[in-house]
Every structure is written in C-alpha cells, then in structure tokens.
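Trainee: One file is attached below, upload27.tsv, containing TSV, C-alpha atoms.
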```
chain	number	residue	atom	x	y	z
S	1	GLU	CA	-75.24	5.59	-23.40
S	2	MET	CA	-78.53	6.67	-21.86
S	3	GLU	CA	-79.39	3.08	-20.93
S	4	ARG	CA	-76.04	2.66	-19.20
S	5	SER	CA	-76.53	5.88	-17.24
S	6	ILE	CA	-79.99	4.80	-16.08
S	7	HIS	CA	-78.65	1.36	-15.15
S	8	ASP	CA	-75.81	2.92	-13.13
S	9	SER	CA	-78.28	5.20	-11.33
S	10	LEU	CA	-80.56	2.30	-10.45
S	11	CYS	CA	-77.59	0.29	-9.17
S	12	ALA	CA	-76.58	3.21	-6.93
S	13	VAL	CA	-80.11	3.41	-5.51
S	14	LYS	CA	-80.09	-0.38	-5.00
S	15	ARG	CA	-76.80	-0.19	-3.06
S	16	VAL	CA	-78.17	2.56	-0.81
S	17	LEU	CA	-81.29	0.55	-0.08
S	18	GLU	CA	-79.25	-2.60	0.62
S	19	SER	CA	-76.80	-0.90	2.95
S	20	LYS	CA	-79.49	1.17	4.70
S	21	SER	CA	-76.91	3.87	5.36
S	22	VAL	CA	-75.10	6.62	3.54
S	23	VAL	CA	-71.84	8.43	4.21
S	24	PRO	CA	-70.70	11.83	2.98
S	25	GLY	CA	-68.84	11.93	-0.31
S	26	GLY	CA	-66.13	14.23	-1.53
S	27	GLY	CA	-63.34	12.60	0.49
S	28	ALA	CA	-64.98	13.27	3.87
S	29	VAL	CA	-64.75	9.68	5.09
S	30	GLU	CA	-61.14	9.29	4.00
S	31	ALA	CA	-60.11	12.58	5.62
S	32	ALA	CA	-61.83	11.69	8.90
S	33	LEU	CA	-60.34	8.20	8.90
S	34	SER	CA	-56.88	9.61	8.19
S	35	ILE	CA	-57.08	12.00	11.15
S	36	TYR	CA	-58.42	9.26	13.45
S	37	LEU	CA	-55.70	6.79	12.45
S	38	GLU	CA	-52.93	9.36	12.88
S	39	ASP	CA	-54.12	10.04	16.43
S	40	PHE	CA	-54.44	6.31	17.09
S	41	ALA	CA	-50.92	5.66	15.79
S	42	THR	CA	-49.39	8.14	18.23
S	43	ASN	CA	-50.73	6.03	21.12
S	44	ILE	CA	-48.90	2.89	19.99
S	45	ASP	CA	-45.31	2.34	21.06
S	46	THR	CA	-44.39	-0.50	18.69
S	47	ARG	CA	-43.34	-0.46	15.08
S	48	GLU	CA	-46.97	-0.95	14.03
S	49	GLN	CA	-47.22	2.78	14.68
S	50	LEU	CA	-45.34	3.40	11.44
S	51	ALA	CA	-47.62	1.14	9.40
S	52	ILE	CA	-50.76	2.74	10.81
S	53	ALA	CA	-49.39	6.23	10.19
S	54	GLU	CA	-48.56	5.33	6.57
S	55	PHE	CA	-52.02	3.81	6.08
S	56	ALA	CA	-53.50	7.04	7.45
S	57	ASN	CA	-51.40	8.96	4.97
S	58	ALA	CA	-52.61	6.70	2.15
S	59	MET	CA	-56.22	7.55	3.02
S	60	GLN	CA	-55.55	11.06	1.77
S	61	VAL	CA	-55.04	9.81	-1.79
S	62	ILE	CA	-58.79	9.85	-2.52
S	63	PRO	CA	-59.44	13.51	-1.63
S	64	LYS	CA	-56.17	14.54	-3.28
S	65	THR	CA	-57.08	12.71	-6.48
S	66	LEU	CA	-60.55	14.24	-6.50
S	67	ALA	CA	-59.06	17.73	-6.20
S	68	VAL	CA	-56.36	17.15	-8.82
S	69	ASN	CA	-58.87	15.67	-11.29
S	70	ALA	CA	-61.01	18.78	-10.85
S	71	ALA	CA	-57.95	20.95	-11.63
S	72	LEU	CA	-57.97	22.47	-8.14
S	73	ASP	CA	-55.21	23.25	-5.65
S	74	ALA	CA	-55.11	19.90	-3.86
S	75	THR	CA	-52.65	21.01	-1.18
S	76	ASP	CA	-54.81	23.90	0.00
S	77	LEU	CA	-58.08	21.97	-0.11
S	78	ILE	CA	-56.71	18.92	1.69
S	79	ALA	CA	-55.19	21.13	4.39
S	80	LYS	CA	-58.58	22.80	4.98
S	81	LEU	CA	-60.38	19.44	4.94
S	82	ARG	CA	-57.94	17.92	7.43
S	83	ALA	CA	-58.17	20.92	9.77
S	84	ILE	CA	-61.95	20.68	9.78
S	85	HIS	CA	-61.98	16.94	10.45
S	86	ASN	CA	-59.38	17.34	13.16
S	87	ALA	CA	-61.66	19.88	14.87
S	88	ALA	CA	-64.64	17.53	14.46
S	89	LEU	CA	-62.73	14.69	16.09
S	90	LYS	CA	-61.35	16.64	19.03
S	91	ASP	CA	-64.14	19.10	19.85
S	92	GLU	CA	-67.60	17.67	20.54
S	93	ALA	CA	-69.17	21.07	19.86
S	94	LYS	CA	-67.89	20.77	16.27
S	95	ALA	CA	-68.99	17.17	15.73
S	96	ASP	CA	-71.26	18.19	12.84
S	97	LEU	CA	-68.16	19.05	10.84
S	98	LYS	CA	-67.66	15.32	10.23
S	99	TRP	CA	-69.92	15.68	7.18
S	100	VAL	CA	-67.60	18.18	5.48
S	101	GLY	CA	-66.07	17.11	2.18
S	102	LEU	CA	-64.79	18.67	-1.01
S	103	ASP	CA	-66.97	20.86	-3.20
S	104	LEU	CA	-65.29	20.37	-6.56
S	105	HIS	CA	-67.50	22.88	-8.39
S	106	ALA	CA	-66.71	25.81	-6.11
S	107	GLY	CA	-63.19	24.66	-5.23
S	108	THR	CA	-63.79	24.68	-1.49
S	109	VAL	CA	-65.10	22.49	1.33
S	110	ARG	CA	-68.73	22.17	2.38
S	111	ASP	CA	-71.21	20.09	4.36
S	112	ASN	CA	-71.80	17.30	1.85
S	113	ARG	CA	-74.74	15.90	3.78
S	114	LYS	CA	-76.66	19.13	3.28
S	115	ALA	CA	-75.47	19.34	-0.33
S	116	GLY	CA	-76.69	15.79	-1.01
S	117	VAL	CA	-73.26	14.41	-1.91
S	118	LEU	CA	-73.61	10.98	-0.36
S	119	GLU	CA	-72.33	7.48	-0.99
S	120	PRO	CA	-73.76	4.10	0.03
S	121	GLY	CA	-72.18	3.03	3.31
S	122	MET	CA	-71.80	-0.54	2.12
S	123	SER	CA	-69.77	0.52	-0.92
S	124	LYS	CA	-67.43	2.65	1.19
S	125	ILE	CA	-66.90	-0.15	3.72
S	126	LYS	CA	-66.18	-2.67	0.97
S	127	SER	CA	-63.70	-0.39	-0.78
S	128	LEU	CA	-61.87	0.27	2.50
S	129	LYS	CA	-61.80	-3.46	3.31
S	130	PHE	CA	-60.41	-4.32	-0.12
S	131	ALA	CA	-57.74	-1.63	0.15
S	132	THR	CA	-56.77	-2.86	3.61
S	133	GLU	CA	-56.63	-6.49	2.47
S	134	ALA	CA	-54.46	-5.50	-0.49
S	135	ALA	CA	-52.04	-3.65	1.79
S	136	ILE	CA	-51.87	-6.61	4.19
S	137	THR	CA	-51.26	-9.02	1.30
S	138	ILE	CA	-48.39	-6.89	0.03
S	139	LEU	CA	-46.87	-6.75	3.51
S	140	ARG	CA	-47.17	-10.54	3.89
S	141	ILE	CA	-45.52	-11.14	0.54
S	142	ASP	CA	-42.76	-8.73	1.52
S	143	ASP	CA	-42.25	-10.68	4.76
S	144	MET	CA	-42.03	-13.98	2.86
S	145	ILE	CA	-39.35	-12.80	0.49
S	146	LYS	CA	-36.07	-13.72	2.10
S	147	MET	CA	-32.70	-12.92	0.68
S	148	THR	CA	-30.30	-15.83	0.70
S	149	PRO	CA	-27.39	-15.13	3.00
S	150	VAL	CA	-24.15	-14.25	1.27
S	151	GLN	CA	-21.57	-16.98	1.83
S	152	GLU	CA	-18.05	-15.92	2.53
S	153	GLN	CA	-15.91	-16.47	-0.52
S	154	GLY	CA	-12.51	-15.89	1.02
S	155	ASN	CA	-9.96	-13.43	-0.28
S	156	ALA	CA	-8.44	-13.31	-3.78
S	157	TYR	CA	-5.15	-14.91	-2.69
S	158	GLU	CA	-6.93	-17.95	-1.22
S	159	LYS	CA	-8.99	-18.35	-4.41
S	160	ALA	CA	-5.89	-18.21	-6.57
S	161	VAL	CA	-4.18	-20.86	-4.45
S	162	GLN	CA	-7.25	-23.10	-4.62
S	163	ASN	CA	-7.55	-22.71	-8.38
S	164	GLY	CA	-3.88	-23.53	-8.87
S	165	SER	CA	-3.20	-20.15	-10.41
S	166	LEU	CA	-0.33	-19.68	-7.98
S	167	ASN	CA	2.24	-22.38	-7.90
S	168	GLY	CA	3.92	-21.64	-4.77
```
Starting from the file, give its structure as structure tokens.
Mentor:
Amino acid sequence: EMERSIHDSLCAVKRVLESKSVVPGGGAVEAALSIYLEDFATNIDTREQLAIAEFANAMQVIPKTLAVNAALDATDLIAKLRAIHNAALKDEAKADLKWVGLDLHAGTVRDNRKAGVLEPGMSKIKSLKFATEAAITILRIDDMIKMTPVQEQGNAYEKAVQNGSLNG
C-alpha cells in the first residue's frame, strides 16, 4: 500500500512537471467554467443555447459530488462557490476570486491556490475534453437513431373486409 501511495505521488508530480501549469482544485475550475458557459449560452439565439446551458449545469456535478462525499451541505456550498465565481467573472476587482474552491475539511470555500490545493492543468484539460467528447458522441448517436414512420393501417372495418371476415 505504501509503494502504491508513493507511486501515485510521483505520478502526480510528473504530470505537474509535464503540463507546466496547475489549476485550483476543490471544484474551482468546474464552477468557473459553469458560470462562464451559462453567460455564453445567454448570448446565443439558436437551440445550441440549450445544449450549452445543460453542459454548464453538468459542470456542477464535480463540486456537488465532492461536497456530498464529504458529508457536507452541497446546496449551500455550491451556491456560495457559484456566487464567488460569478463575482470573479464579472468584476475585474474581484478577479483573484477565481482561485476559490471547496474546503472539505472546514465545510466552506477558500482560496485553494493559497491553501495548496492544486491539480495539474494537463489532467484537468484532458478530463474536460474526454467529458465533452463523450457528450458529443451521445448526441451524435441520438441523432442517428431514427424511428421508422408508422404506416397507416386503415380502420377496423377495412381490415375485416380485406381479411374476408365480413361477407358482405
């Protein structure tokens, strides 16, 4: 077990060195992306707006899951996190709030950059790309599935006459 833990730690360091960037953990990236995509979706006047808004909503699954797994009030924490990231996006004076994520020990939100809760940028980008590709694949499959059109069968009287059930 100790060897596996050391191996996992070394792999995490390797990923950070390879990506040459880190992003805040604790659901900060997902919350910020959700807020950004919701704002972006409101500027689109086609039906893609609905897909983008739902994808933005799906981004909240990560912070919600983190909070639920820590036995915390996910609704309250996610609301606070979203409010903070909304302020960071819309007010340049509050741009440093983009680093705020969940503090699962204290059951609140905090600046995860200062707390050292960071993730390799490359890993976050890859996970978001895979999630996006999976969603697109599902949508394409859904588009390909076509229901065969229902052919008109006629009414019961016509069927009976055709079958010879009515001799008349």
Trainee: Would you list the contacts of S:Glu30 as an mmCIF file with C-alpha atoms, in the coordinates of the input, taking every protein, DNA or RNA residue within 9 Å and counting only C-alpha atoms, but skipping same-chain residues closer than 2 positions in sequence?
Mentor:
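See part12.cif below for the written result:
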```
data_model
loop_
_atom_site.group_PDB
_atom_site.id
_atom_site.type_symbol
_atom_site.label_atom_id
_atom_site.label_comp_id
_atom_site.auth_asym_id
_atom_site.auth_seq_id
_atom_site.Cartn_x
_atom_site.Cartn_y
_atom_site.Cartn_z
ATOM 1 C CA GLY S 26 -66.130 14.230 -1.530
ATOM 2 C CA GLY S 27 -63.340 12.600 0.490
ATOM 3 C CA ALA S 28 -64.980 13.270 3.870
ATOM 4 C CA ALA S 32 -61.830 11.690 8.900
ATOM 5 C CA LEU S 33 -60.340 8.200 8.900
ATOM 6 C CA SER S 34 -56.880 9.610 8.190
ATOM 7 C CA ILE S 35 -57.080 12.000 11.150
ATOM 8 C CA ALA S 56 -53.500 7.040 7.450
ATOM 9 C CA MET S 59 -56.220 7.550 3.020
ATOM 10 C CA GLN S 60 -55.550 11.060 1.770
ATOM 11 C CA VAL S 61 -55.040 9.810 -1.790
ATOM 12 C CA ILE S 62 -58.790 9.850 -2.520
ATOM 13 C CA PRO S 63 -59.440 13.510 -1.630
#
```
Trainee: State, in Å with one decimal place, the distance from atom CA of S:Phe130 to atom CA of S:Ser21.
Mentor: 19.2 Å
Trainee: Report, in Å to a single decimal, how far apart atom CA of S:Lys124 and atom CA of S:Val16 are.
Mentor: 10.9 Å
Trainee: In Å, rounded to a single decimal, give me how far atom CA of S:Ala31 is from atom CA of S:Ala88.
Mentor: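 Spanning atom CA of S:Ala88 to atom CA of S:Ala31 is a straight-line distance of 11.1 Å.
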Trainee: Using all atoms listed in the file, find the one residue out of S:Thr108, S:Thr65, S:Gln49, S:Ser5 that sits nearest to S:Leu77.
Mentor: S:Thr108
Trainee: Between S:Ile136, S:Met2, S:Gly107, S:Gly101, which is the closest to S:Val68 once you count only C-alpha atoms?
Mentor: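 Under the stated criterion, the closest residue is S:Gly107.
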Trainee: Counting all atoms listed in the file, which of S:Ala131, S:Leu72, S:Leu89, S:Val22 gets nearest to S:Asp103?
Mentor: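 The shortest atom-to-atom distance to S:Asp103 comes from S:Leu72.
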Trainee: Rank S:Val29, S:Leu50, S:Ala83, S:Ala160 by their smallest atom-to-atom distance to S:Leu128, using only C-alpha atoms, and report the top residue only.
Mentor: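 Comparing S:Val29, S:Leu50, S:Ala83, S:Ala160 against S:Leu128, the winner is S:Val29.
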Trainee: Can you find the residues with an atom no farther than 7 Å from (-63.0, 23.5, -11.2), counting only C-alpha atoms, and report them as a PDB file with C-alpha atoms, keeping the file's coordinate frame?
Mentor:
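See result-v4.pdb below for the written result:
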```pdb
ATOM      1  CA  ALA S  70     -61.010  18.780 -10.850  1.00  0.00           C
ATOM      2  CA  ALA S  71     -57.950  20.950 -11.630  1.00  0.00           C
ATOM      3  CA  LEU S  72     -57.970  22.470  -8.140  1.00  0.00           C
ATOM      4  CA  LEU S 104     -65.290  20.370  -6.560  1.00  0.00           C
ATOM      5  CA  HIS S 105     -67.500  22.880  -8.390  1.00  0.00           C
ATOM      6  CA  ALA S 106     -66.710  25.810  -6.110  1.00  0.00           C
ATOM      7  CA  GLY S 107     -63.190  24.660  -5.230  1.00  0.00           C
TER       8      GLY S 107
END
```
Trainee: Hey, can I get the axis-aligned box for stretch 33-41 of chain S? All listed atoms, 8 Å padding on each side, centre and edge lengths in Å to one decimal, as JSON.
Mentor:
```
{"center_x": -55.6, "center_y": 8.8, "center_z": 12.6, "size_x": 25.4, "size_y": 22.3, "size_z": 24.9}
```
Trainee: Identify, on the basis of only C-alpha atoms, every residue whose closest approach to stretch 111-118 of chain S does not exceed 7 Å; exclude the query and any residue fewer than 3 positions from it along the same chain; express the result as a list in words.
Mentor: Val22, Val23, Pro24, Gly25, Trp99, Val100 and Gly101 of chain S
